[in-house]
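K.L.:
Have a look at this one.
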Amino acid sequence: MTTTTPSADPDDDGGAPDQTLRVLVVDDQPLMRSGFAMMLGAEEDIEVAGDAADGAAALEACRRLRPDVVLMDVQMPGMDGIEATARIVAEDLSRVLILTTFDRDDYLFDALRAGAGGFLLKNSDPDDLVDGVRAVAHGHALLAPEVTRRVIERMTSSGGGDELVVDSPSPPDTDDPTVAGGTLDVLTGREQEVLRRVARGLSNAEIAAELVVGEATVKSHVSACLSKLHLRDRVQAVVLAYEAGLVRPGD
């Protein structure tokens, strides 16, 4: 599941990237930094460009090394991971994947508002971490399944009135009546079927299996949904689907 352009499909990691991805590992615990570096460095398409023990050092390292992805811890002395993420994104230095042991709403929403491209828990499977780095490097938003549930719960518990968890760089065109107010009339029937399954947290492969179509077809429909609804990524698509009543809690 899972900052991207409106036409990008955040659930597709595009397979093996064309070039080596450079990653900066940021954590205040040396053993954690070493462990993540070893895990990522074992991949043929990933290079650990450096590491940092706090947000200030991470910001300086990003300016110097220009990594493709920053693997960012949240709680650190001095400048924490949330502030560091906001500054890195503001300067367009790198994309950021937040990694934390703390499954807390305030960290989640603050990280997303700061511009993080993804959010995983440190107890995630190693394969999920590696795939997450690749996905974020390609500009795709990524959220752990439990994180997506929290986004949904926050939005639905407030009746859709809570502030959008991910800042939208370009809000929907309110002059377009098919988009204004979150209506989905602009989508075809099949695109709404795909969006409904995206909101349920299904991957492209799972959606393809349910609809008995190819993954490429699903990817095309997802991209069309994001483009037509002026959404940045899959996270915003989930929020809009619940706000518009396409999916309800428990579906």
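Residues in the structure tokens are numbered from 1 in each chain, the chains being A, B, ... in the order shown, and ligands are numbered from 1 in the order shown.
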Mind running segment 212-246 of chain A against segment 107-117 of chain A at 12 Å and telling me each contacting residue's nearest atom pair with the distance in Å (one decimal), counting only C-alpha atoms, chain and number ascending, as JSON lines?
P.N.:
```
{"residue": "A:Arg232", "atom": "CA", "partner": "A:Gly117", "partner_atom": "CA", "distance": 10.9}
{"residue": "A:Asp233", "atom": "CA", "partner": "A:Gly117", "partner_atom": "CA", "distance": 9.6}
{"residue": "A:Arg234", "atom": "CA", "partner": "A:Gly117", "partner_atom": "CA", "distance": 11.0}
{"residue": "A:Val235", "atom": "CA", "partner": "A:Leu112", "partner_atom": "CA", "distance": 9.8}
{"residue": "A:Gln236", "atom": "CA", "partner": "A:Leu112", "partner_atom": "CA", "distance": 11.0}
```
K.L.:
With distances taken over only C-alpha atoms, which residue among A:Ile207, A:Leu71, A:Leu142, A:Leu59 lies nearest Ala90 of chain A?
P.N.:
A:Leu59
K.L.:
Taking only C-alpha atoms into account, name the residue in A:Thr217, A:Thr183, A:Ala52, A:Leu202 that is nearest to Glu243 of chain A.
P.N.:
A:Thr183
K.L.:
Looking at only C-alpha atoms, which of A:Gly41, A:Gly189, A:Pro77, A:Gly35 is the one that sits closest to Ala53 of chain A?
P.N.:
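Checking each candidate against Ala53 of chain A, we get A:Pro77 as the closest.
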